[in-house]
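Okay, entry.cif now, which holds mmCIF, C-alpha atoms:
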```
data_my_file
#
loop_
_atom_site.label_atom_id
_atom_site.label_comp_id
_atom_site.auth_asym_id
_atom_site.auth_seq_id
_atom_site.Cartn_x
_atom_site.Cartn_y
_atom_site.Cartn_z
CA MET A 87 -15.33 21.90 -33.94
CA LEU A 88 -16.03 25.28 -32.36
CA ASN A 89 -19.57 24.21 -31.48
CA ASN A 90 -18.27 21.08 -29.78
CA TYR A 91 -15.70 23.07 -27.84
CA LEU A 92 -18.21 25.68 -26.70
CA SER A 93 -20.85 23.12 -25.70
CA ARG A 94 -18.37 20.97 -23.76
CA ARG A 95 -16.37 23.82 -22.20
CA SER A 96 -18.50 23.99 -19.04
CA PHE A 97 -17.81 20.33 -18.25
CA LEU A 98 -14.01 20.67 -18.16
CA GLY A 99 -12.20 20.36 -14.89
CA ARG A 100 -14.96 19.01 -12.64
CA SER A 101 -13.16 15.85 -11.54
CA ALA A 102 -12.21 15.76 -7.88
CA ILE A 103 -8.52 15.80 -7.02
CA GLY A 104 -7.55 12.72 -5.09
CA ALA A 105 -4.49 10.57 -4.51
CA GLY A 106 -2.90 9.95 -7.87
CA ALA A 107 -5.65 11.81 -9.75
CA VAL A 108 -4.97 13.40 -13.09
CA ILE A 109 -6.02 17.04 -12.89
CA SER A 110 -7.64 19.14 -15.58
CA GLY A 111 -6.85 22.72 -16.54
CA GLU A 112 -9.58 24.16 -14.31
CA ALA A 113 -8.56 21.89 -11.45
CA ALA A 114 -4.99 23.12 -11.90
CA ILE A 115 -6.22 26.66 -11.37
CA GLN A 116 -7.98 25.56 -8.19
CA LEU A 117 -4.86 23.71 -7.05
CA LEU A 118 -2.63 26.72 -7.60
CA SER A 119 -5.07 29.10 -5.92
CA THR A 120 -6.55 27.28 -2.95
CA THR A 121 -5.15 23.85 -2.12
CA ARG A 122 -2.27 24.70 0.21
CA VAL A 123 0.13 27.47 1.17
CA TRP A 124 3.82 26.69 0.82
CA ALA A 125 5.93 28.13 3.64
CA ALA A 126 8.82 28.70 1.28
CA ALA A 127 9.82 27.89 -2.26
CA ALA A 128 13.02 27.51 -4.18
CA GLN A 129 13.97 30.79 -5.85
CA GLY A 130 14.10 28.92 -9.15
CA ASP A 131 10.44 27.92 -8.86
CA LEU A 132 9.46 31.52 -8.11
CA ASP A 133 11.42 32.74 -11.11
CA ILE A 134 9.69 30.22 -13.38
CA LEU A 135 6.24 31.11 -12.06
CA ASN A 136 6.92 34.82 -12.59
CA PHE A 137 8.21 34.06 -16.08
CA ALA A 138 4.94 32.25 -16.82
CA LEU A 139 2.97 35.07 -15.20
CA THR A 140 4.57 37.64 -17.51
CA LEU A 141 3.54 35.61 -20.55
CA GLU A 142 0.01 35.22 -19.19
CA TYR A 143 -0.19 39.00 -18.69
CA LEU A 144 0.52 39.43 -22.39
CA GLU A 145 -2.10 36.91 -23.45
CA ALA A 146 -4.73 38.26 -21.07
CA ASP A 147 -4.15 41.83 -22.27
CA PHE A 148 -4.27 40.77 -25.92
CA TYR A 149 -7.58 38.94 -25.63
CA ALA A 150 -9.12 41.65 -23.45
CA GLN A 151 -8.36 44.24 -26.11
CA GLY A 152 -9.55 41.89 -28.83
CA ASN A 153 -12.88 41.42 -27.11
CA GLN A 154 -13.24 45.18 -26.64
CA ALA A 155 -12.81 45.52 -30.40
CA ALA A 156 -15.13 42.59 -31.13
CA ALA A 157 -17.49 44.64 -33.30
CA LYS A 158 -14.61 45.44 -35.67
CA LEU A 159 -13.02 42.00 -35.56
CA PHE A 160 -15.61 39.26 -35.47
CA THR A 161 -18.35 38.57 -37.97
CA ASP A 162 -18.76 34.99 -36.78
CA GLN A 163 -20.51 34.57 -33.41
CA HIS A 164 -18.80 31.25 -32.67
CA ALA A 165 -15.35 32.83 -33.08
CA LYS A 166 -16.43 35.73 -30.88
CA ASP A 167 -17.63 33.33 -28.17
CA LEU A 168 -14.45 31.27 -28.43
CA PHE A 169 -12.16 34.25 -27.88
CA GLN A 170 -14.26 35.38 -24.93
CA LEU A 171 -13.68 31.96 -23.35
CA ILE A 172 -9.96 32.07 -24.10
CA ALA A 173 -9.77 35.54 -22.53
CA SER A 174 -11.44 34.16 -19.40
CA ASP A 175 -8.93 31.29 -19.27
CA GLU A 176 -5.95 33.61 -19.60
CA GLN A 177 -7.20 35.92 -16.87
CA ALA A 178 -7.70 32.89 -14.61
CA HIS A 179 -4.09 31.87 -15.32
CA VAL A 180 -2.88 35.35 -14.34
CA GLN A 181 -4.80 35.27 -11.08
CA ALA A 182 -3.70 31.76 -10.18
CA LEU A 183 -0.02 32.35 -10.88
CA SER A 184 -0.01 35.71 -9.08
CA ASP A 185 -1.74 34.23 -6.04
CA THR A 186 0.66 31.29 -5.97
CA VAL A 187 3.78 33.44 -6.13
CA THR A 188 2.44 35.44 -3.20
CA LYS A 189 1.62 32.30 -1.20
CA LEU A 190 5.12 31.01 -1.86
CA GLY A 191 6.55 34.12 -0.25
CA GLY A 192 7.54 35.85 -3.47
CA LYS A 193 6.51 39.04 -5.22
CA PRO A 194 4.45 38.66 -8.40
CA ALA A 195 6.03 40.15 -11.49
CA ALA A 196 4.61 43.51 -12.52
CA LYS A 197 2.38 43.61 -15.58
CA PRO A 198 4.43 44.87 -18.53
CA THR A 199 3.35 47.61 -20.90
CA VAL A 200 2.12 45.93 -24.07
CA LYS A 201 2.21 47.31 -27.60
CA TYR A 202 0.76 45.88 -30.81
CA PRO A 203 1.36 46.46 -34.51
CA ASP A 204 -1.12 48.70 -36.28
CA GLY A 205 -4.17 46.79 -37.41
CA THR A 206 -3.96 44.06 -34.78
CA PHE A 207 -7.47 44.79 -33.52
CA THR A 208 -9.08 45.87 -36.78
CA ASP A 209 -7.79 43.16 -39.13
CA TYR A 210 -9.10 39.68 -38.31
CA LYS A 211 -6.18 37.91 -40.03
CA ALA A 212 -3.67 40.02 -38.11
CA PHE A 213 -5.49 39.25 -34.88
CA LEU A 214 -5.43 35.51 -35.58
CA LYS A 215 -1.73 35.61 -36.46
CA THR A 216 -0.89 37.39 -33.21
CA SER A 217 -3.09 35.00 -31.24
CA LYS A 218 -1.30 32.00 -32.73
CA THR A 219 2.08 33.57 -31.93
CA PHE A 220 1.14 34.09 -28.27
CA GLU A 221 -0.40 30.64 -27.86
CA GLU A 222 2.48 28.76 -29.49
CA THR A 223 4.99 30.77 -27.49
CA GLY A 224 3.14 29.94 -24.27
CA VAL A 225 3.01 26.23 -25.09
CA GLY A 226 6.74 26.11 -25.80
CA ALA A 227 7.56 28.18 -22.73
CA TYR A 228 5.67 25.95 -20.29
CA LEU A 229 7.24 22.85 -21.78
CA GLY A 230 10.68 24.41 -21.78
CA GLN A 231 10.56 25.28 -18.08
CA ALA A 232 8.76 22.14 -16.83
CA GLY A 233 11.93 20.21 -16.09
CA SER A 234 13.27 22.99 -13.88
CA LEU A 235 10.39 23.08 -11.38
CA THR A 236 11.38 21.38 -8.14
CA ASP A 237 7.94 21.02 -6.50
CA PRO A 238 5.93 18.12 -8.03
CA MET A 239 2.60 19.78 -7.21
CA LEU A 240 3.66 22.94 -9.02
CA LEU A 241 4.74 20.83 -11.98
CA GLN A 242 1.38 19.05 -12.15
CA ALA A 243 -0.54 22.31 -11.86
CA ALA A 244 1.61 23.95 -14.52
CA ALA A 245 1.04 20.93 -16.76
CA GLY A 246 -2.70 21.51 -16.41
CA ILE A 247 -2.30 25.08 -17.68
CA PHE A 248 0.05 23.86 -20.43
CA GLY A 249 -2.68 21.51 -21.66
CA VAL A 250 -5.21 24.33 -21.91
CA GLU A 251 -2.72 26.50 -23.81
CA CYS A 252 -2.22 23.62 -26.26
CA ARG A 253 -5.98 23.48 -26.84
CA HIS A 254 -6.10 27.22 -27.38
CA ALA A 255 -3.29 27.02 -29.95
CA ALA A 256 -5.02 24.17 -31.79
CA LEU A 257 -8.37 25.97 -31.91
CA VAL A 258 -6.80 29.20 -33.15
CA GLY A 259 -4.95 27.21 -35.80
CA LYS A 260 -8.18 25.51 -36.83
CA ILE A 261 -10.20 28.69 -37.27
CA SER A 262 -7.22 30.26 -39.05
CA GLY A 263 -7.56 27.55 -41.69
CA LEU A 264 -4.10 26.10 -41.08
CA PRO A 265 -3.31 22.51 -42.08
CA ALA A 266 -3.01 19.96 -39.28
CA GLU A 267 0.60 18.79 -39.72
CA GLY A 268 2.91 21.71 -40.24
CA GLY A 269 0.35 24.30 -39.25
CA ILE A 270 -1.64 23.44 -36.15
CA TYR A 271 1.16 21.23 -34.84
CA MET A 272 4.68 20.28 -35.84
CA GLY A 273 5.49 16.59 -35.57
CA ALA A 274 4.46 13.93 -33.08
CA THR A 275 5.66 15.82 -29.99
CA GLU A 276 5.60 19.42 -28.79
CA THR A 277 8.85 21.36 -29.01
CA ALA A 278 10.15 23.11 -25.92
CA LYS A 279 11.32 26.70 -26.21
CA THR A 280 14.27 28.12 -24.34
CA LYS A 281 13.78 31.23 -22.23
CA GLU A 282 15.81 33.17 -24.78
CA ASP A 283 13.58 32.00 -27.64
CA VAL A 284 10.45 32.96 -25.72
CA LEU A 285 11.77 36.41 -24.86
CA ALA A 286 12.75 36.99 -28.50
CA ALA A 287 9.22 36.04 -29.62
CA VAL A 288 7.46 38.43 -27.24
CA LYS A 289 10.00 41.28 -27.26
CA PRO A 290 8.21 43.10 -30.14
CA PHE A 291 5.10 43.34 -27.95
CA ILE A 292 6.80 44.72 -24.83
CA GLY A 293 6.76 48.51 -24.57
CA GLY A 294 8.25 51.00 -22.16
#
```
The structure given in the file should be rewritten as structure tokens.
Amino acid sequence: MLNNYLSRRSFLGRSAIGAGAVISGEAAIQLLSTTRVWAAAAQGDLDILNFALTLEYLEADFYAQGNQAAAKLFTDQHAKDLFQLIASDEQAHVQALSDTVTKLGGKPAAKPTVKYPDGTFTDYKAFLKTSKTFEETGVGAYLGQAGSLTDPMLLQAAAGIFGVECRHAALVGKISGLPAEGGIYMGATETAKTKEDVLAAVKPFIGG
């Protein structure tokens, strides 16, 4: 599965965006970053984007530190390559969301100070557990806030990022050896998380 993901990764998101087109994760990044500048945005949309940005900061920081500790963490080259790709995705999400908040006339949320339990970047199982926590939290957060976005283009772009986060969560679950039903996913539909649930899940990782 990892081989298939790595070999196909470069082909994702190359479809052109046209009238009624369904956009991919990479195209969503392009849409958020370059398609148009909104003169103004509802404060609610800005709040949601900054909420998502804060979560992406956490994920980007986590994977960046994981890749810096790669020699201690990864004995499998495919896993190492996978987490490098995920790190690149998360950093792209940070940049896209930050740029979009600015274009909408808002101020991007500041990057929080992040802390991790001892062993997170020396114990592979601990790293995988934390990765799964972040990915599942992100999936639930995007779904939970989707209905509150007022701009349809923002909703479609956010859905593109949501889809990529779902793939990340599934891949991490797969290499963690989790069962499909009850491990990699729970039921026939994704479960939205409230803002309060999301904040409770990430609070242990916020320092300062």
Q: Please provide the set of residues having any atom within 9 Å of stretch 269-285 of chain A, restricted to all atoms listed in the file, with same-chain residues fewer than 3 positions apart removed, written as a list in words.
A: Phe137, Thr223, Gly224, Val225, Gly226, Ala227, Tyr228, Leu229, Gly230, Gln231, Ala255, Ala256, Leu257, Val258, Gly259, Lys260, Gly263, Leu264, Pro265, Ala266, Val288 and Lys289 of chain A
Q) If the PyMOL selection byres ((chain A and resi 192) around 12) is run on the structure shown, which residues does it catch, given as a ChimeraX atom specification? A) /A:124-136,183-191,193-195
Restricting the output to C-alpha atoms, write the selected residues as a compact mmCIF listing (two decimals), keeping the file's coordinate frame.
```txt
# COMPACT_ATOMS: atom_id res chain seq x y z
CA TRP A 124 3.82 26.69 0.82
CA ALA A 125 5.93 28.13 3.64
CA ALA A 126 8.82 28.70 1.28
CA ALA A 127 9.82 27.89 -2.26
CA ALA A 128 13.02 27.51 -4.18
CA GLN A 129 13.97 30.79 -5.85
CA GLY A 130 14.10 28.92 -9.15
CA ASP A 131 10.44 27.92 -8.86
CA LEU A 132 9.46 31.52 -8.11
CA ASP A 133 11.42 32.74 -11.11
CA ILE A 134 9.69 30.22 -13.38
CA LEU A 135 6.24 31.11 -12.06
CA ASN A 136 6.92 34.82 -12.59
CA LEU A 183 -0.02 32.35 -10.88
CA SER A 184 -0.01 35.71 -9.08
CA ASP A 185 -1.74 34.23 -6.04
CA THR A 186 0.66 31.29 -5.97
CA VAL A 187 3.78 33.44 -6.13
CA THR A 188 2.44 35.44 -3.20
CA LYS A 189 1.62 32.30 -1.20
CA LEU A 190 5.12 31.01 -1.86
CA GLY A 191 6.55 34.12 -0.25
CA LYS A 193 6.51 39.04 -5.22
CA PRO A 194 4.45 38.66 -8.40
CA ALA A 195 6.03 40.15 -11.49
```
Q) Which is closer to A:Glu251 than all the others in A:Phe207, A:Phe148, A:Tyr202, A:Phe220, using only C-alpha atoms? A) A:Phe220
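Using the PyMOL selection byres ((chain A and resi 149) around 9) on this structure selects Leu144, Glu145, Ala146, Asp147, Phe148, Ala150, Gln151, Gly152, Asn153, Gln154, Phe169, Gln170, Ile172, Ala173, Ser174, Glu176 and Ser217 of chain A.
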Produce a file of the selected residues containing C-alpha atoms, as a tab-separated table (two decimals), in the coordinates of the input.
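selection_3.tsv was written with the following content:
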```
chain	number	residue	atom	x	y	z
A	144	LEU	CA	0.52	39.43	-22.39
A	145	GLU	CA	-2.10	36.91	-23.45
A	146	ALA	CA	-4.73	38.26	-21.07
A	147	ASP	CA	-4.15	41.83	-22.27
A	148	PHE	CA	-4.27	40.77	-25.92
A	150	ALA	CA	-9.12	41.65	-23.45
A	151	GLN	CA	-8.36	44.24	-26.11
A	152	GLY	CA	-9.55	41.89	-28.83
A	153	ASN	CA	-12.88	41.42	-27.11
A	154	GLN	CA	-13.24	45.18	-26.64
A	169	PHE	CA	-12.16	34.25	-27.88
A	170	GLN	CA	-14.26	35.38	-24.93
A	172	ILE	CA	-9.96	32.07	-24.10
A	173	ALA	CA	-9.77	35.54	-22.53
A	174	SER	CA	-11.44	34.16	-19.40
A	176	GLU	CA	-5.95	33.61	-19.60
A	217	SER	CA	-3.09	35.00	-31.24
```
Q. So which residues touch A:Thr140 within 8 Å, counting all atoms listed in the file, skipping near sequence neighbours fewer than 5 positions away, as a ChimeraX atom specification?
A. /A:195-198
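Between atom CA of A:Glu142 and atom CA of A:Gln177 lies a distance of 7.6 Å.
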Q.
What's the separation between atom CA of A:Ala178 and atom CA of A:Val250, in Å to one decimal place?
A. 11.5 Å
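The space separating atom CA of A:His254 from atom CA of A:Leu214 comes to 11.7 Å.
Using all atoms listed in the file, the shortest contact distance between A:Asp209 and any of A:Ala138, A:Ala287, A:Glu267, A:Ala155 is found at A:Ala155.
With distances taken over all atoms listed in the file, A:Arg253 is the one residue among A:Ala165, A:Leu171, A:Arg253, A:Phe160 lying closest to A:Glu221.
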As a CSV table (one decimal), in the frame of the given file, please: stretch 211-222 of chain A completed to all heavy atoms.
```csv
chain,number,residue,atom,x,y,z
A,211,LYS,N,-7.3,38.8,-39.8
A,211,LYS,CA,-6.2,37.9,-40.0
A,211,LYS,C,-5.0,38.3,-39.2
A,211,LYS,O,-4.3,37.4,-38.7
A,211,LYS,CB,-5.8,38.0,-41.5
A,211,LYS,CG,-6.8,37.3,-42.4
A,211,LYS,CD,-6.4,37.3,-43.9
A,211,LYS,CE,-7.4,36.6,-44.8
A,211,LYS,NZ,-7.0,36.6,-46.2
A,212,ALA,N,-4.8,39.6,-39.0
A,212,ALA,CA,-3.7,40.0,-38.1
A,212,ALA,C,-3.9,39.6,-36.7
A,212,ALA,O,-3.0,39.2,-36.0
A,212,ALA,CB,-3.5,41.5,-38.2
A,213,PHE,N,-5.1,39.7,-36.2
A,213,PHE,CA,-5.5,39.2,-34.9
A,213,PHE,C,-5.2,37.8,-34.7
A,213,PHE,O,-4.6,37.3,-33.7
A,213,PHE,CB,-7.0,39.6,-34.6
A,213,PHE,CG,-7.4,39.1,-33.2
A,213,PHE,CD1,-7.2,39.9,-32.1
A,213,PHE,CD2,-8.1,37.9,-33.1
A,213,PHE,CE1,-7.6,39.5,-30.9
A,213,PHE,CE2,-8.6,37.5,-31.8
A,213,PHE,CZ,-8.3,38.3,-30.7
A,214,LEU,N,-5.7,37.0,-35.7
A,214,LEU,CA,-5.4,35.5,-35.6
A,214,LEU,C,-3.9,35.2,-35.6
A,214,LEU,O,-3.5,34.3,-34.8
A,214,LEU,CB,-6.1,34.8,-36.8
A,214,LEU,CG,-7.6,34.7,-36.7
A,214,LEU,CD1,-8.2,34.1,-38.0
A,214,LEU,CD2,-8.2,34.0,-35.5
A,215,LYS,N,-3.2,35.9,-36.4
A,215,LYS,CA,-1.7,35.6,-36.5
A,215,LYS,C,-1.1,35.9,-35.1
A,215,LYS,O,-0.2,35.1,-34.6
A,215,LYS,CB,-1.1,36.5,-37.6
A,215,LYS,CG,0.4,36.2,-37.7
A,215,LYS,CD,1.0,37.1,-38.9
A,215,LYS,CE,2.5,36.8,-39.0
A,215,LYS,NZ,3.0,37.7,-40.1
A,216,THR,N,-1.5,37.0,-34.5
A,216,THR,CA,-0.9,37.4,-33.2
A,216,THR,C,-1.3,36.4,-32.1
A,216,THR,O,-0.5,36.0,-31.3
A,216,THR,CB,-1.3,38.8,-32.8
A,216,THR,OG1,-0.9,39.7,-33.9
A,216,THR,CG2,-0.6,39.2,-31.5
A,217,SER,N,-2.6,36.0,-32.2
A,217,SER,CA,-3.1,35.0,-31.2
A,217,SER,C,-2.3,33.7,-31.3
A,217,SER,O,-1.9,33.1,-30.3
A,217,SER,CB,-4.6,34.7,-31.5
A,217,SER,OG,-5.1,33.7,-30.7
A,218,LYS,N,-2.1,33.2,-32.5
A,218,LYS,CA,-1.3,32.0,-32.7
A,218,LYS,C,0.1,32.2,-32.2
A,218,LYS,O,0.7,31.2,-31.6
A,218,LYS,CB,-1.3,31.6,-34.2
A,218,LYS,CG,-0.8,30.2,-34.5
A,218,LYS,CD,-1.8,29.2,-34.1
A,218,LYS,CE,-1.6,27.8,-34.7
A,218,LYS,NZ,-0.2,27.2,-34.5
A,219,THR,N,0.7,33.3,-32.4
A,219,THR,CA,2.1,33.6,-31.9
A,219,THR,C,2.1,33.5,-30.4
A,219,THR,O,3.0,32.8,-29.8
A,219,THR,CB,2.6,35.0,-32.4
A,219,THR,OG1,2.7,35.0,-33.8
A,219,THR,CG2,3.9,35.3,-31.7
A,220,PHE,N,1.2,34.1,-29.7
A,220,PHE,CA,1.1,34.1,-28.3
A,220,PHE,C,0.9,32.7,-27.8
A,220,PHE,O,1.5,32.2,-26.8
A,220,PHE,CB,0.1,35.0,-27.7
A,220,PHE,CG,0.5,36.5,-27.7
A,220,PHE,CD1,-0.4,37.5,-27.9
A,220,PHE,CD2,1.8,36.8,-27.4
A,220,PHE,CE1,-0.1,38.8,-27.8
A,220,PHE,CE2,2.2,38.2,-27.3
A,220,PHE,CZ,1.2,39.2,-27.5
A,221,GLU,N,-0.1,32.0,-28.3
A,221,GLU,CA,-0.4,30.6,-27.9
A,221,GLU,C,0.8,29.7,-28.1
A,221,GLU,O,1.1,28.9,-27.1
A,221,GLU,CB,-1.7,30.1,-28.5
A,221,GLU,CG,-2.9,30.9,-28.2
A,221,GLU,CD,-3.3,30.9,-26.8
A,221,GLU,OE1,-2.8,30.1,-26.0
A,221,GLU,OE2,-4.1,31.7,-26.4
A,222,GLU,N,1.4,29.7,-29.2
A,222,GLU,CA,2.5,28.8,-29.5
A,222,GLU,C,3.7,29.1,-28.6
A,222,GLU,O,4.4,28.2,-28.1
A,222,GLU,CB,2.9,28.8,-31.0
A,222,GLU,CG,1.8,28.3,-31.9
A,222,GLU,CD,1.6,26.8,-31.8
A,222,GLU,OE1,2.4,26.1,-31.1
A,222,GLU,OE2,0.7,26.3,-32.4
```
